[in-house]
Structures are given as C-alpha cells and as structure tokens.
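Asks: Below: one structure in structure tokens.
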Amino acid sequence: MKVQTPSAPTPSERSDRLLSALAYFSIVPAFLLLILPRSRRRSTVRFHACQSILLNAGLTAALFFVGLAASFTLLFEPASAPALSIAVAWPCRFACLLVWILCAVRVARGQSIQLPFLAAVAQRQASGPLFRSVQTPQPSSGNQPLIHAIR
C-alpha cells in the first residue's frame, strides 16, 4: 500500500490559503479582500471572504439576540441577569471565537471548508454579477468579430 504525500503548494496556492484564512479573522479583512484588485481576482479568496462575511453577520446576530434576552431578564428578574449573562452570553462568545479560529486554521492548511447554509449563498455571491468583471473570460472562437464577442 502506497501512501501518497501531498505535493508542496505553489506560491500562488499558499498566498490564496493565507488570504482566505485572513478573511475569517473579522469582517474588515474580508471586505478588504473583496475590494482590493489582486485578491478579488482569485475565486477561492472571494468565496472565503463572502462566506466569512455571512458567518460574521450570522454570529453577530446570534450574539445580539443572546444579549437581548439577557437584557429582558434584567427587566423582569434583576437578580438573575448577571448569572444569565455569565452562563449564556460568554459561552456563546467563546463558541464564536472557536468557530472563527477553526475556520481560519482549516483554510490555512488547505482544507476545504463549506459551512452549512452559508456555502451556497457565498458561492452565488462570489460568482455573482458584482464579480463577473474580474473573473477570467472564456476564450471565444476566432471567427467572431470583436463586437459580437463583447456582447
């Protein structure tokens, strides 16, 4: 039985991995990767930046609703609000931090990560109309005039 060792990544693949992992650290690098011309041309980086933005938005919304629930508890039972905040809100924040770290590490190692419910939306966004101008054009046959090829 032969064990195949994976070949070393090319500099371009290594760069894509690091940029994709950087997208998961917060929403700011993800937006920057979508704006900067060199990184937005790479489909892998675009996908992970879009997936990271969706993940950050979802986790931020979840943390908002957990905090809102703790605030409502403060209105009705002021004595138990700090305990609820410690017992629920902080573990949720820690879980979010773990998700971000796991995503960044897996992508940096070259492993594909497609989060349920988010990957399909991220793929549509990464290959959507906003980025069509930066994707590599398909080669056209040489028989068509230039005007027809542009349409």
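Chain labels A, B, ... are given in the sequence in which chains occur in the structure tokens; within each chain residues are numbered consecutively from 1, and ligands are likewise numbered from 1 in the order shown.
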Which residues, written as a VMD selection string, have at least one atom at most 7 Å from A:Leu59, with only C-alpha atoms counted and residues fewer than 4 positions away on the same chain left out?

Replies: chain A and resid 55 63 96

Asks: Residues of chain A classed as alpha helix (DSSP H) by DSSP on the backbone are to be reported as a count of residues only.

Replies: 96

Asks: Can you pull out the residues contacting A:Ala120? Cut-off 10 Å, using only C-alpha atoms, and skip same-chain residues under 5 positions away; I want them as a PyMOL selection string.

Replies: chain A and resi 47+51+114-115+125-126

Asks: Could you pull the residues within 10 Å of stretch 9-19 of chain A, counting only C-alpha atoms, minus those fewer than 6 positions along the same chain, as a VMD selection string?

Replies: chain A and resid 29 to 30 33 39 42 to 46 48 to 49 104 to 111

Asks: Given the selection you just returned, output its residues as a file containing C-alpha atoms, formatted as a JSON list (two decimals), in the first residue's frame.

Replies:
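Generated file (result_33.json):
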```
[["chain", "number", "residue", "atom", "x", "y", "z"],
["A", 29, "PRO", "CA", -10.22, 41.91, 6.25],
["A", 30, "ALA", "CA", -12.98, 40.06, 4.41],
["A", 33, "LEU", "CA", -10.11, 41.24, 0.26],
["A", 39, "SER", "CA", -7.29, 39.39, -4.13],
["A", 42, "ARG", "CA", -8.97, 34.87, -7.08],
["A", 43, "SER", "CA", -12.13, 32.80, -6.84],
["A", 44, "THR", "CA", -11.05, 30.92, -3.70],
["A", 45, "VAL", "CA", -10.31, 34.13, -1.83],
["A", 46, "ARG", "CA", -13.60, 35.67, -2.99],
["A", 48, "HIS", "CA", -13.95, 32.56, 1.64],
["A", 49, "ALA", "CA", -14.32, 36.32, 2.03],
["A", 104, "ALA", "CA", -9.05, 30.13, 9.69],
["A", 105, "VAL", "CA", -6.81, 27.20, 10.63],
["A", 106, "ARG", "CA", -8.53, 24.73, 8.30],
["A", 107, "VAL", "CA", -8.36, 27.11, 5.35],
["A", 108, "ALA", "CA", -4.72, 27.98, 6.09],
["A", 109, "ARG", "CA", -3.90, 24.26, 5.99],
["A", 110, "GLY", "CA", -5.52, 23.95, 2.59],
["A", 111, "GLN", "CA", -8.59, 22.04, 3.71]]
```

Asks: Looking at only C-alpha atoms, which of A:Gly67, A:Val121, A:Arg38, A:Ile27 is the one that sits closest to A:Trp90?

Replies: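 Of A:Gly67, A:Val121, A:Arg38, A:Ile27, the one nearest A:Trp90, counting only C-alpha atoms, is A:Gly67.
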
Asks: Could you tell me how far atom CA of A:Leu54 sits from atom CA of A:Phe94, in Å to one decimal place?

Replies: 18.5 Å

Asks: What does the distance between atom CA of A:Pro82 and atom CA of A:Gly58 come to in Å, to one decimal place?

Replies: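 Distance reported for this atom pair: 24.5 Å.
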
Asks: Expressed in Å to a single decimal, how great is the separation between atom CA of A:Ile53 and atom CA of A:Arg40?

Replies: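 Going from atom CA of A:Ile53 over to atom CA of A:Arg40, I get 14.3 Å.
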
Asks: Quick one: residues within 9 Å of A:Trp100, only C-alpha atoms counted, chain neighbours fewer than 5 positions away excluded, as a ChimeraX atom specification?

Replies: /A:24-26,52,55-56,95,105

Asks: Keeping N, CA and C atoms, export the residues of the selection given above as a short mmCIF file (atom, residue, chain, number, x, y, z; two decimals), in the first residue's frame.

Replies:
```cif
data_model
loop_
_atom_site.label_atom_id
_atom_site.label_comp_id
_atom_site.auth_asym_id
_atom_site.auth_seq_id
_atom_site.Cartn_x
_atom_site.Cartn_y
_atom_site.Cartn_z
N TYR A 24 -11.22 35.20 7.69
CA TYR A 24 -12.03 34.71 8.81
C TYR A 24 -11.74 35.41 10.13
N PHE A 25 -10.71 36.26 10.19
CA PHE A 25 -10.39 36.89 11.46
C PHE A 25 -11.39 37.96 11.88
N SER A 26 -11.94 38.66 10.94
CA SER A 26 -13.03 39.60 11.23
C SER A 26 -13.65 40.02 9.91
N SER A 52 -17.05 34.29 4.99
CA SER A 52 -16.68 34.90 6.26
C SER A 52 -17.62 36.05 6.62
N LEU A 55 -20.78 34.47 7.77
CA LEU A 55 -20.58 33.87 9.09
C LEU A 55 -20.53 34.94 10.17
N ASN A 56 -19.78 36.00 9.93
CA ASN A 56 -19.69 37.09 10.91
C ASN A 56 -21.05 37.74 11.14
N ALA A 95 -17.74 30.32 21.90
CA ALA A 95 -18.04 29.42 20.77
C ALA A 95 -17.82 30.12 19.43
N VAL A 105 -7.86 28.22 10.61
CA VAL A 105 -6.81 27.20 10.63
C VAL A 105 -7.02 26.17 9.52
#
```
